[in-house]
file data01.cif (mmCIF, C-alpha atoms)
data_entry
#
loop_
_atom_site.group_PDB
_atom_site.id
_atom_site.type_symbol
_atom_site.label_atom_id
_atom_site.label_comp_id
_atom_site.auth_asym_id
_atom_site.auth_seq_id
_atom_site.Cartn_x
_atom_site.Cartn_y
_atom_site.Cartn_z
ATOM 1 C CA MET A 1 -20.456 -28.089 -14.220
ATOM 2 C CA GLU A 2 -17.554 -26.015 -12.913
ATOM 3 C CA LYS A 3 -18.557 -22.999 -10.844
ATOM 4 C CA LEU A 4 -16.623 -19.913 -11.896
ATOM 5 C CA LYS A 5 -15.695 -16.963 -9.674
ATOM 6 C CA TYR A 6 -16.343 -13.714 -11.505
ATOM 7 C CA PRO A 7 -14.166 -10.693 -10.591
ATOM 8 C CA VAL A 8 -16.994 -8.156 -10.518
ATOM 9 C CA GLY A 9 -15.448 -4.892 -9.333
ATOM 10 C CA VAL A 10 -12.100 -6.586 -8.539
ATOM 11 C CA GLN A 11 -9.283 -4.504 -10.013
ATOM 12 C CA SER A 12 -6.359 -6.195 -8.260
ATOM 13 C CA PHE A 13 -4.551 -8.707 -10.462
ATOM 14 C CA SER A 14 -2.962 -10.294 -7.396
ATOM 15 C CA LYS A 15 -6.329 -10.833 -5.720
ATOM 16 C CA ILE A 16 -7.856 -12.309 -8.872
ATOM 17 C CA ILE A 17 -5.054 -14.855 -9.242
ATOM 18 C CA LYS A 18 -4.630 -15.742 -5.571
ATOM 19 C CA GLU A 19 -8.351 -16.108 -4.876
ATOM 20 C CA GLY A 20 -9.181 -18.087 -7.995
ATOM 21 C CA TYR A 21 -11.262 -15.593 -9.955
ATOM 22 C CA VAL A 22 -11.465 -15.938 -13.733
ATOM 23 C CA TYR A 23 -8.684 -13.923 -15.363
ATOM 24 C CA VAL A 24 -8.921 -13.177 -19.077
ATOM 25 C CA ASP A 25 -5.266 -13.331 -20.077
ATOM 26 C CA LYS A 26 -4.014 -9.991 -21.417
ATOM 27 C CA THR A 27 -0.332 -10.613 -20.654
ATOM 28 C CA TRP A 28 0.378 -10.947 -24.383
ATOM 29 C CA CYS A 29 0.482 -7.145 -24.534
ATOM 30 C CA ILE A 30 3.689 -6.816 -22.486
ATOM 31 C CA PRO A 31 6.227 -7.460 -25.297
ATOM 32 C CA LEU A 32 4.192 -5.223 -27.610
ATOM 33 C CA LEU A 33 4.297 -2.349 -25.109
ATOM 34 C CA GLU A 34 8.057 -2.699 -24.724
ATOM 35 C CA ARG A 35 8.582 -1.694 -28.359
ATOM 36 C CA ASN A 36 8.218 1.942 -27.267
ATOM 37 C CA THR A 37 8.339 3.847 -23.984
ATOM 38 C CA PHE A 38 5.515 6.388 -23.532
ATOM 39 C CA TYR A 39 1.899 5.368 -24.127
ATOM 40 C CA PHE A 40 -1.641 6.635 -23.714
ATOM 41 C CA LEU A 41 -4.654 4.290 -23.690
ATOM 42 C CA GLY A 42 -8.196 5.640 -23.742
ATOM 43 C CA ARG A 43 -11.140 3.411 -22.839
ATOM 44 C CA PRO A 44 -14.595 3.924 -21.257
ATOM 45 C CA ARG A 45 -14.937 3.659 -17.499
ATOM 46 C CA ARG A 46 -15.221 0.167 -15.983
ATOM 47 C CA PHE A 47 -13.589 -1.338 -19.036
ATOM 48 C CA GLY A 48 -10.550 -3.000 -17.448
ATOM 49 C CA LYS A 49 -7.943 -0.234 -17.500
ATOM 50 C CA SER A 50 -7.200 -0.486 -13.767
ATOM 51 C CA LEU A 51 -6.828 -4.263 -13.940
ATOM 52 C CA LEU A 52 -4.464 -3.899 -16.907
ATOM 53 C CA LEU A 53 -2.231 -1.539 -14.942
ATOM 54 C CA SER A 54 -2.400 -3.789 -11.876
ATOM 55 C CA MET A 55 -1.216 -6.713 -13.999
ATOM 56 C CA LEU A 56 1.663 -4.669 -15.403
ATOM 57 C CA HIS A 57 2.595 -3.538 -11.882
ATOM 58 C CA GLU A 58 2.840 -7.126 -10.650
ATOM 59 C CA TYR A 59 4.813 -8.214 -13.700
ATOM 60 C CA TYR A 60 7.436 -5.492 -13.437
ATOM 61 C CA ASP A 61 7.560 -5.887 -9.665
ATOM 62 C CA GLY A 62 8.824 -9.394 -10.342
ATOM 63 C CA ASN A 63 5.944 -11.392 -8.844
ATOM 64 C CA ARG A 64 6.395 -14.257 -11.258
ATOM 65 C CA GLU A 65 4.374 -16.773 -9.242
ATOM 66 C CA LEU A 66 1.202 -14.850 -10.176
ATOM 67 C CA PHE A 67 1.768 -15.479 -13.890
ATOM 68 C CA HIS A 68 2.021 -19.264 -13.891
ATOM 69 C CA GLY A 69 0.260 -20.667 -16.932
ATOM 70 C CA LEU A 70 -0.350 -17.291 -18.550
ATOM 71 C CA GLU A 71 0.805 -16.275 -22.024
ATOM 72 C CA ILE A 72 3.710 -14.155 -20.792
ATOM 73 C CA GLU A 73 5.275 -17.225 -19.169
ATOM 74 C CA ARG A 74 5.541 -18.756 -22.627
ATOM 75 C CA LEU A 75 6.733 -15.508 -24.207
ATOM 76 C CA ARG A 76 9.317 -14.871 -21.468
ATOM 77 C CA PRO A 77 10.628 -18.294 -20.407
ATOM 78 C CA GLY A 78 13.894 -16.862 -19.097
ATOM 79 C CA GLU A 79 14.652 -14.663 -16.101
ATOM 80 C CA TRP A 80 12.442 -11.629 -15.541
ATOM 81 C CA ILE A 81 13.890 -8.266 -14.548
ATOM 82 C CA ARG A 82 12.390 -6.701 -11.429
ATOM 83 C CA ARG A 83 12.017 -2.959 -11.885
ATOM 84 C CA PRO A 84 10.937 -0.047 -9.671
ATOM 85 C CA VAL A 85 7.254 0.713 -10.337
ATOM 86 C CA PHE A 86 5.656 4.133 -9.834
ATOM 87 C CA HIS A 87 1.910 3.515 -9.933
ATOM 88 C CA ILE A 88 -0.569 6.370 -9.416
ATOM 89 C CA ASP A 89 -4.327 5.777 -9.326
ATOM 90 C CA LEU A 90 -6.349 8.985 -9.707
ATOM 91 C CA ASN A 91 -9.661 7.196 -10.162
ATOM 92 C CA ASN A 92 -11.140 6.852 -6.674
ATOM 93 C CA GLU A 93 -10.447 10.341 -5.358
ATOM 94 C CA TRP A 94 -12.378 13.571 -4.883
ATOM 95 C CA TYR A 95 -11.157 16.700 -6.691
ATOM 96 C CA GLY A 96 -13.673 19.258 -5.450
ATOM 97 C CA VAL A 97 -11.177 21.694 -3.885
ATOM 98 C CA ARG A 98 -8.047 23.519 -4.996
ATOM 99 C CA GLY A 99 -4.840 21.642 -4.239
ATOM 100 C CA SER A 100 -6.505 18.225 -4.112
ATOM 101 C CA VAL A 101 -4.416 16.967 -7.020
ATOM 102 C CA GLU A 102 -1.196 17.943 -5.269
ATOM 103 C CA THR A 103 -2.406 16.353 -2.030
ATOM 104 C CA ILE A 104 -3.070 13.004 -3.694
ATOM 105 C CA ILE A 105 0.177 12.951 -5.676
ATOM 106 C CA ASN A 106 2.027 13.940 -2.512
ATOM 107 C CA LYS A 107 0.737 10.803 -0.750
ATOM 108 C CA HIS A 108 2.321 8.673 -3.450
ATOM 109 C CA LEU A 109 5.568 10.642 -3.330
ATOM 110 C CA GLU A 110 5.825 10.225 0.440
ATOM 111 C CA ARG A 111 5.392 6.465 0.093
ATOM 112 C CA TRP A 112 8.128 6.260 -2.529
ATOM 113 C CA GLU A 113 10.390 8.529 -0.470
ATOM 114 C CA GLU A 114 10.226 5.965 2.321
ATOM 115 C CA ILE A 115 11.758 3.495 -0.137
ATOM 116 C CA TYR A 116 14.251 5.564 -2.112
ATOM 117 C CA GLY A 117 14.969 8.539 0.169
ATOM 118 C CA ASP A 118 13.576 12.021 0.753
ATOM 119 C CA ALA A 119 16.474 14.274 -0.167
ATOM 120 C CA ARG A 120 14.142 16.462 -2.251
ATOM 121 C CA LYS A 121 11.083 16.400 0.023
ATOM 122 C CA ASP A 122 11.056 20.216 0.290
ATOM 123 C CA ARG A 123 10.825 20.700 -3.508
ATOM 124 C CA SER A 124 7.837 20.805 -5.891
ATOM 125 C CA ILE A 125 5.994 17.596 -6.714
ATOM 126 C CA SER A 126 7.542 17.462 -10.188
ATOM 127 C CA GLU A 127 11.080 17.947 -8.835
ATOM 128 C CA ARG A 128 10.522 15.297 -6.189
ATOM 129 C CA PHE A 129 9.166 12.863 -8.761
ATOM 130 C CA GLU A 130 12.095 13.451 -11.133
ATOM 131 C CA TRP A 131 14.588 12.839 -8.339
ATOM 132 C CA LEU A 132 12.779 9.695 -7.161
ATOM 133 C CA VAL A 133 12.775 8.144 -10.624
ATOM 134 C CA LYS A 134 16.475 8.856 -11.080
ATOM 135 C CA GLU A 135 17.292 7.596 -7.596
ATOM 136 C CA ALA A 136 15.251 4.418 -8.095
ATOM 137 C CA TYR A 137 17.171 3.817 -11.304
ATOM 138 C CA ARG A 138 20.481 4.422 -9.511
ATOM 139 C CA GLN A 139 19.624 2.076 -6.642
ATOM 140 C CA ASN A 140 18.064 -0.688 -8.736
ATOM 141 C CA GLY A 141 20.208 -0.511 -11.847
ATOM 142 C CA HIS A 142 17.220 -0.926 -14.157
ATOM 143 C CA ARG A 143 14.961 1.576 -15.860
ATOM 144 C CA VAL A 144 11.663 2.170 -14.065
ATOM 145 C CA VAL A 145 7.991 1.730 -14.963
ATOM 146 C CA VAL A 146 5.443 4.546 -14.579
ATOM 147 C CA LEU A 147 1.718 3.698 -14.517
ATOM 148 C CA ILE A 148 -0.928 6.432 -14.160
ATOM 149 C CA ASP A 149 -4.566 5.353 -13.996
ATOM 150 C CA GLU A 150 -7.306 7.809 -15.072
ATOM 151 C CA TYR A 151 -4.846 10.665 -15.627
ATOM 152 C CA ASP A 152 -7.704 12.983 -16.617
ATOM 153 C CA LYS A 153 -10.227 12.427 -13.815
ATOM 154 C CA PRO A 154 -9.424 15.679 -11.921
ATOM 155 C CA LEU A 155 -10.279 17.558 -15.123
ATOM 156 C CA THR A 156 -13.277 15.586 -16.351
ATOM 157 C CA ASP A 157 -14.808 15.915 -12.870
ATOM 158 C CA ASN A 158 -14.611 19.703 -13.157
ATOM 159 C CA ILE A 159 -15.498 20.487 -16.770
ATOM 160 C CA LEU A 160 -18.094 23.046 -15.621
ATOM 161 C CA ASN A 161 -15.949 24.569 -12.859
ATOM 162 C CA GLU A 162 -13.580 26.907 -14.684
ATOM 163 C CA GLU A 163 -11.563 27.830 -11.599
ATOM 164 C CA LEU A 164 -10.946 24.274 -10.388
ATOM 165 C CA TYR A 165 -10.396 23.002 -13.913
ATOM 166 C CA GLY A 166 -7.667 25.605 -14.486
ATOM 167 C CA SER A 167 -6.022 24.911 -11.123
ATOM 168 C CA HIS A 168 -5.962 21.145 -11.621
ATOM 169 C CA GLN A 169 -4.816 21.520 -15.222
ATOM 170 C CA SER A 170 -1.854 23.631 -14.118
ATOM 171 C CA ASN A 171 -0.824 21.175 -11.397
ATOM 172 C CA LEU A 172 -1.159 18.161 -13.685
ATOM 173 C CA ARG A 173 0.750 19.854 -16.493
ATOM 174 C CA GLY A 174 3.660 20.544 -14.170
ATOM 175 C CA PHE A 175 3.711 16.952 -12.944
ATOM 176 C CA TYR A 176 3.189 15.171 -16.278
ATOM 177 C CA SER A 177 5.667 17.367 -18.124
ATOM 178 C CA SER A 178 8.420 16.039 -15.855
ATOM 179 C CA LEU A 179 8.128 12.732 -17.725
ATOM 180 C CA LYS A 180 9.738 14.226 -20.821
ATOM 181 C CA THR A 181 13.014 14.773 -18.935
ATOM 182 C CA LEU A 182 13.108 11.193 -17.644
ATOM 183 C CA ASP A 183 13.280 9.259 -20.911
ATOM 184 C CA PRO A 184 16.720 7.711 -20.173
ATOM 185 C CA TYR A 185 15.426 6.316 -16.862
ATOM 186 C CA ILE A 186 12.037 4.909 -17.962
ATOM 187 C CA LYS A 187 11.431 1.467 -19.454
ATOM 188 C CA LEU A 188 7.677 1.938 -19.854
ATOM 189 C CA ALA A 189 5.191 4.698 -19.057
ATOM 190 C CA LEU A 190 1.486 4.017 -19.609
ATOM 191 C CA LEU A 191 -1.238 6.540 -18.846
ATOM 192 C CA THR A 192 -4.921 5.655 -19.105
ATOM 193 C CA GLY A 193 -8.022 7.817 -19.213
ATOM 194 C CA VAL A 194 -11.342 8.427 -20.930
ATOM 195 C CA THR A 195 -10.396 11.517 -22.935
ATOM 196 C CA LYS A 196 -7.862 12.243 -25.656
ATOM 197 C CA PHE A 197 -4.772 13.651 -23.937
ATOM 198 C CA GLY A 198 -4.093 16.447 -26.444
ATOM 199 C CA LYS A 199 -7.496 18.019 -25.839
ATOM 200 C CA LEU A 200 -6.764 18.739 -22.188
ATOM 201 C CA ASN A 201 -3.420 20.453 -22.745
ATOM 202 C CA VAL A 202 -1.593 18.802 -19.851
ATOM 203 C CA PHE A 203 1.285 17.195 -21.751
ATOM 204 C CA SER A 204 3.283 20.243 -22.771
ATOM 205 C CA GLY A 205 6.365 19.067 -24.673
ATOM 206 C CA LEU A 206 5.631 15.371 -24.264
ATOM 207 C CA ASN A 207 5.232 14.852 -28.002
ATOM 208 C CA ASN A 208 6.440 11.244 -27.966
ATOM 209 C CA LEU A 209 3.375 9.909 -26.139
ATOM 210 C CA TYR A 210 2.070 7.097 -28.360
ATOM 211 C CA ASP A 211 -1.737 6.936 -28.410
ATOM 212 C CA ILE A 212 -2.745 3.272 -28.757
ATOM 213 C CA SER A 213 -6.461 3.845 -28.092
ATOM 214 C CA LEU A 214 -7.414 3.008 -31.705
ATOM 215 C CA ASN A 215 -4.388 0.879 -32.542
ATOM 216 C CA GLU A 216 -5.263 -2.502 -34.036
ATOM 217 C CA GLU A 217 -2.611 -4.416 -32.080
ATOM 218 C CA PHE A 218 -4.073 -3.194 -28.789
ATOM 219 C CA SER A 219 -7.767 -3.175 -29.669
ATOM 220 C CA ALA A 220 -8.446 -6.179 -27.391
ATOM 221 C CA VAL A 221 -6.164 -5.154 -24.517
ATOM 222 C CA CYS A 222 -9.255 -4.266 -22.437
ATOM 223 C CA GLY A 223 -12.712 -5.792 -22.598
ATOM 224 C CA ILE A 224 -13.635 -9.340 -23.614
ATOM 225 C CA THR A 225 -13.545 -10.669 -27.164
ATOM 226 C CA GLU A 226 -15.894 -13.242 -28.702
ATOM 227 C CA ASP A 227 -13.156 -15.888 -28.524
ATOM 228 C CA GLU A 228 -12.393 -15.032 -24.897
ATOM 229 C CA LEU A 229 -16.071 -15.288 -23.978
ATOM 230 C CA HIS A 230 -16.182 -18.850 -25.314
ATOM 231 C CA THR A 231 -12.759 -19.807 -23.911
ATOM 232 C CA TYR A 232 -13.147 -18.523 -20.349
ATOM 233 C CA PHE A 233 -16.885 -18.359 -19.698
ATOM 234 C CA ASP A 234 -18.567 -21.189 -21.609
ATOM 235 C CA SER A 235 -19.695 -23.013 -18.452
ATOM 236 C CA GLY A 236 -21.121 -19.774 -17.059
ATOM 237 C CA VAL A 237 -23.051 -19.072 -20.246
ATOM 238 C CA ARG A 238 -24.456 -22.587 -20.173
ATOM 239 C CA GLU A 239 -25.591 -22.042 -16.564
ATOM 240 C CA ILE A 240 -27.597 -18.977 -17.594
ATOM 241 C CA ALA A 241 -29.005 -20.840 -20.577
ATOM 242 C CA GLU A 242 -30.228 -23.636 -18.318
ATOM 243 C CA LYS A 243 -31.794 -21.154 -15.908
ATOM 244 C CA ARG A 244 -33.611 -19.396 -18.756
ATOM 245 C CA LYS A 245 -34.532 -22.713 -20.406
ATOM 246 C CA VAL A 246 -32.852 -21.919 -23.717
ATOM 247 C CA ASP A 247 -29.946 -23.530 -25.536
ATOM 248 C CA SER A 248 -26.391 -22.179 -25.376
ATOM 249 C CA ALA A 249 -26.493 -20.781 -28.906
ATOM 250 C CA THR A 250 -29.549 -18.683 -28.033
ATOM 251 C CA MET A 251 -27.854 -17.422 -24.865
ATOM 252 C CA TYR A 252 -24.674 -16.472 -26.718
ATOM 253 C CA ALA A 253 -26.777 -14.603 -29.278
ATOM 254 C CA GLU A 254 -28.531 -12.622 -26.543
ATOM 255 C CA LEU A 255 -25.223 -11.704 -24.876
ATOM 256 C CA LYS A 256 -23.845 -10.602 -28.234
ATOM 257 C CA LYS A 257 -26.886 -8.428 -28.925
ATOM 258 C CA ARG A 258 -26.699 -6.774 -25.493
ATOM 259 C CA TYR A 259 -22.989 -6.323 -24.823
ATOM 260 C CA ASP A 260 -20.967 -6.767 -28.022
ATOM 261 C CA GLY A 261 -20.968 -3.221 -29.345
ATOM 262 C CA TYR A 262 -17.355 -2.012 -29.185
ATOM 263 C CA HIS A 263 -14.624 -1.780 -31.795
ATOM 264 C CA PHE A 264 -11.388 0.102 -31.186
ATOM 265 C CA SER A 265 -9.824 -0.103 -34.626
ATOM 266 C CA GLU A 266 -10.923 -0.771 -38.185
ATOM 267 C CA GLU A 267 -10.002 -4.454 -37.896
ATOM 268 C CA SER A 268 -10.868 -4.763 -34.202
ATOM 269 C CA PRO A 269 -12.481 -7.988 -33.014
ATOM 270 C CA ASP A 270 -15.904 -7.676 -31.434
ATOM 271 C CA ILE A 271 -15.382 -6.410 -27.865
ATOM 272 C CA TYR A 272 -17.878 -7.099 -25.097
ATOM 273 C CA ASN A 273 -18.430 -4.660 -22.239
ATOM 274 C CA PRO A 274 -16.703 -6.517 -19.370
ATOM 275 C CA PHE A 275 -18.635 -4.876 -16.525
ATOM 276 C CA SER A 276 -22.079 -5.822 -17.820
ATOM 277 C CA LEU A 277 -20.933 -9.222 -19.031
ATOM 278 C CA LEU A 278 -19.379 -10.222 -15.685
ATOM 279 C CA LEU A 279 -22.416 -9.018 -13.754
ATOM 280 C CA THR A 280 -24.700 -10.968 -16.073
ATOM 281 C CA LEU A 281 -22.654 -14.130 -15.574
ATOM 282 C CA SER A 282 -22.501 -13.581 -11.824
ATOM 283 C CA ARG A 283 -26.219 -12.838 -11.338
ATOM 284 C CA LYS A 284 -27.318 -15.130 -14.186
ATOM 285 C CA THR A 285 -29.662 -12.421 -15.426
ATOM 286 C CA PRO A 286 -28.936 -10.105 -18.384
ATOM 287 C CA ASP A 287 -29.580 -6.415 -17.716
ATOM 288 C CA ASP A 288 -28.276 -2.938 -18.561
ATOM 289 C CA TYR A 289 -25.797 -3.003 -15.686
ATOM 290 C CA TRP A 290 -23.181 -0.630 -17.075
ATOM 291 C CA PHE A 291 -25.689 2.062 -18.053
ATOM 292 C CA SER A 292 -27.536 1.850 -14.734
ATOM 293 C CA THR A 293 -24.390 2.438 -12.648
ATOM 294 C CA GLY A 294 -24.456 6.154 -13.399
ATOM 295 C CA THR A 295 -25.108 8.870 -15.929
ATOM 296 C CA ALA A 296 -22.652 9.860 -18.642
ATOM 297 C CA LYS A 297 -21.647 12.924 -16.609
ATOM 298 C CA LEU A 298 -18.723 13.979 -18.781
ATOM 299 C CA LEU A 299 -20.846 13.898 -21.945
ATOM 300 C CA VAL A 300 -23.656 15.839 -20.260
ATOM 301 C CA ASP A 301 -21.191 18.432 -18.934
ATOM 302 C CA LEU A 302 -19.620 18.900 -22.363
ATOM 303 C CA VAL A 303 -23.045 19.389 -23.941
ATOM 304 C CA ILE A 304 -23.866 22.052 -21.326
ATOM 305 C CA ARG A 305 -20.506 23.807 -21.549
ATOM 306 C CA ASN A 306 -20.521 23.962 -25.334
ATOM 307 C CA ARG A 307 -24.269 24.752 -25.556
ATOM 308 C CA ILE A 308 -24.858 21.941 -28.012
ATOM 309 C CA PRO A 309 -28.518 21.906 -29.111
ATOM 310 C CA LEU A 310 -30.347 18.639 -28.487
#
call {"tool": "encode", "arguments": {"input": "data01.cif", "output": "structure tokens"}}
result
Amino acid sequence: MEKLKYPVGVQSFSKIIKEGYVYVDKTWCIPLLERNTFYFLGRPRRFGKSLLLSMLHEYYDGNRELFHGLEIERLRPGEWIRRPVFHIDLNNEWYGVRGSVETIINKHLERWEEIYGDARKDRSISERFEWLVKEAYRQNGHRVVVLIDEYDKPLTDNILNEELYGSHQSNLRGFYSSLKTLDPYIKLALLTGVTKFGKLNVFSGLNNLYDISLNEEFSAVCGITEDELHTYFDSGVREIAEKRKVDSATMYAELKKRYDGYHFSEESPDIYNPFSLLLTLSRKTPDDYWFSTGTAKLLVDLVIRNRIPL
């Protein structure tokens, strides 16, 4: 029986492919995303958003060797266009002081300025970003890609801290609003998070941001479907079944009962929680892995802030 490598906690598409981890092919979404320009995708934490953005980064960066045998190779048999990619990850940072948002964005800007030039390095972060996108377009000749992971984390981390929340909200609004002026230079902009963007009031004027969180075409863009479980992980499920001395059908039924509880549109396929499922396959023992990794802090904070009776 083939031994599978499970990418538990691995969010780098390049690492997954190069080191032989199982990759559940989501490259089919690329042509769908290119129908429009500005997108928002909301999903729970540890649900595959970072890996999705990493895959898109590698695709638009022109690293075609990583996509051999994947669906996009069939969909795009011709030459791929390499584009400048501006990828910001706000997930693994601490936002407990004023100015922390600017500090983190500044690190990204400095890295891009080493590539495209720093003629606006003395300006605000939004002005610098606008100039960099335009300059990248001028130098490369192709429209750019903007990927922002967990756009809302500085705010959701500070729901109960009115001062920090307001400071971070102001800084993010100034930065994100610059996107609306860059439409002619952007091929694709995708922002991910756990909260509905309109509720946080950080996208002033960006009224063309297409929310695909509950869109049927994208309902399976993160997570693992029933078909994908059977296609990619059948040998792993059979390993657990043997260990637990049950048949495969019984094991599949238990996994479905534990982890198949998500639907992101009316006609959505059954979606399994990828974090718990991968840990179960890796450790060969079902458990409440996702729940035990931490409390639902945002939900608890919202209950406290809004004085919702329990």
call {"tool": "residues_around", "arguments": {"input": "data01.cif", "residues": "region 87-91 of chain A", "least_positions_apart": "2", "cutoff": "9 Å", "atoms": "all atoms listed in the file", "output": "PyMOL selection string"}}
result
chain A and resi 50+53-54+57+85+93-94+101+104-105+108+145-154
call {"tool": "closest_residue", "arguments": {"input": "data01.cif", "among": "A:Gly141, A:Val24, A:Arg82, A:Pro286", "to": "Tyr6 (chain A)", "atoms": "only C-alpha atoms"}}
result
A:Val24
call {"tool": "resolve_selection", "arguments": {"input": "data01.cif", "expression": "the PyMOL selection byres ((chain A and resi 277) around 12)", "output": "VMD selection string"}}
result
chain A and resid 6 to 9 46 to 47 223 to 226 228 to 229 233 236 to 237 240 252 254 to 261 271 to 276 278 to 290
call {"tool": "resolve_selection", "arguments": {"input": "data01.cif", "expression": "the PyMOL selection byres ((chain A and resi 71) around 8)", "output": "VMD selection string"}}
result
chain A and resid 25 to 28 69 to 70 72 to 75
call {"tool": "closest_residue", "arguments": {"input": "data01.cif", "among": "A:Ala119, A:Val194, A:Ala220, A:Val97", "to": "Asn161 (chain A)", "atoms": "only C-alpha atoms"}}
result
A:Val97
call {"tool": "atom_distance", "arguments": {"input": "data01.cif", "atom1": "CA of Val221 (chain A)", "atom2": "CA of Leu179 (chain A)"}}
result
23.9 Å
call {"tool": "residues_around", "arguments": {"input": "data01.cif", "residues": "region 33-39 of chain A", "least_positions_apart": "4", "cutoff": "7 Å", "atoms": "all atoms listed in the file", "output": "tab-separated table (two decimals) with C-alpha atoms, keeping the file's coordinate frame"}}
result
chain	number	residue	atom	x	y	z
A	29	CYS	CA	0.48	-7.14	-24.53
A	187	LYS	CA	11.43	1.47	-19.45
A	188	LEU	CA	7.68	1.94	-19.85
A	189	ALA	CA	5.19	4.70	-19.06
A	190	LEU	CA	1.49	4.02	-19.61
A	191	LEU	CA	-1.24	6.54	-18.85
A	208	ASN	CA	6.44	11.24	-27.97
A	209	LEU	CA	3.38	9.91	-26.14
A	210	TYR	CA	2.07	7.10	-28.36
A	211	ASP	CA	-1.74	6.94	-28.41
A	212	ILE	CA	-2.74	3.27	-28.76
call {"tool": "residues_around", "arguments": {"input": "data01.cif", "residues": "Gln139 (chain A)", "least_positions_apart": "3", "cutoff": "8 Å", "atoms": "all atoms listed in the file", "output": "number ranges by chain"}}
result
A: 116, 135-136
call {"tool": "closest_residue", "arguments": {"input": "data01.cif", "among": "A:Arg98, A:Leu66, A:Tyr60, A:Lys3", "to": "Lys15 (chain A)", "atoms": "only C-alpha atoms"}}
result
A:Leu66
call {"tool": "atom_distance", "arguments": {"input": "data01.cif", "atom1": "CA of Arg238 (chain A)", "atom2": "CA of Lys5 (chain A)"}}
result
14.8 Å
call {"tool": "closest_residue", "arguments": {"input": "data01.cif", "among": "A:Ser265, A:Thr192, A:Ser12, A:Thr103", "to": "Phe40 (chain A)", "atoms": "only C-alpha atoms"}}
result
A:Thr192
call {"tool": "atom_distance", "arguments": {"input": "data01.cif", "atom1": "CA of Ser248 (chain A)", "atom2": "CA of His230 (chain A)"}}
result
10.7 Å
call {"tool": "residues_around", "arguments": {"input": "data01.cif", "residues": "Glu102 (chain A)", "least_positions_apart": "2", "cutoff": "9 Å", "atoms": "only C-alpha atoms", "output": "list of chain:residue names"}}
result
A:Arg98, A:Gly99, A:Ser100, A:Ile104, A:Ile105, A:Asn106, A:Lys107, A:Ile125, A:His168, A:Asn171, A:Leu172
call {"tool": "decode", "arguments": {"input": "data01.cif", "residues": "region 116-132 of chain A", "atoms": "C-alpha atoms", "output": "mmCIF file, in the first residue's frame"}}
result
data_model
loop_
_atom_site.group_PDB
_atom_site.id
_atom_site.type_symbol
_atom_site.label_atom_id
_atom_site.label_comp_id
_atom_site.auth_asym_id
_atom_site.auth_seq_id
_atom_site.Cartn_x
_atom_site.Cartn_y
_atom_site.Cartn_z
ATOM 1 C CA TYR A 116 11.187 47.743 -8.891
ATOM 2 C CA GLY A 117 12.840 50.835 -7.380
ATOM 3 C CA ASP A 118 12.323 53.104 -4.383
ATOM 4 C CA ALA A 119 11.544 56.454 -5.961
ATOM 5 C CA ARG A 120 8.583 56.907 -3.596
ATOM 6 C CA LYS A 121 10.125 55.444 -0.431
ATOM 7 C CA ASP A 122 9.514 58.686 1.507
ATOM 8 C CA ARG A 123 5.743 58.651 0.812
ATOM 9 C CA SER A 124 2.829 56.970 2.628
ATOM 10 C CA ILE A 125 2.382 53.215 2.363
ATOM 11 C CA SER A 126 -0.572 53.617 -0.002
ATOM 12 C CA GLU A 127 1.344 55.998 -2.291
ATOM 13 C CA ARG A 128 4.342 53.686 -2.327
ATOM 14 C CA PHE A 129 2.158 50.694 -3.137
ATOM 15 C CA GLU A 130 0.378 52.525 -5.970
ATOM 16 C CA TRP A 131 3.695 53.552 -7.500
ATOM 17 C CA LEU A 132 5.147 50.040 -7.174
#
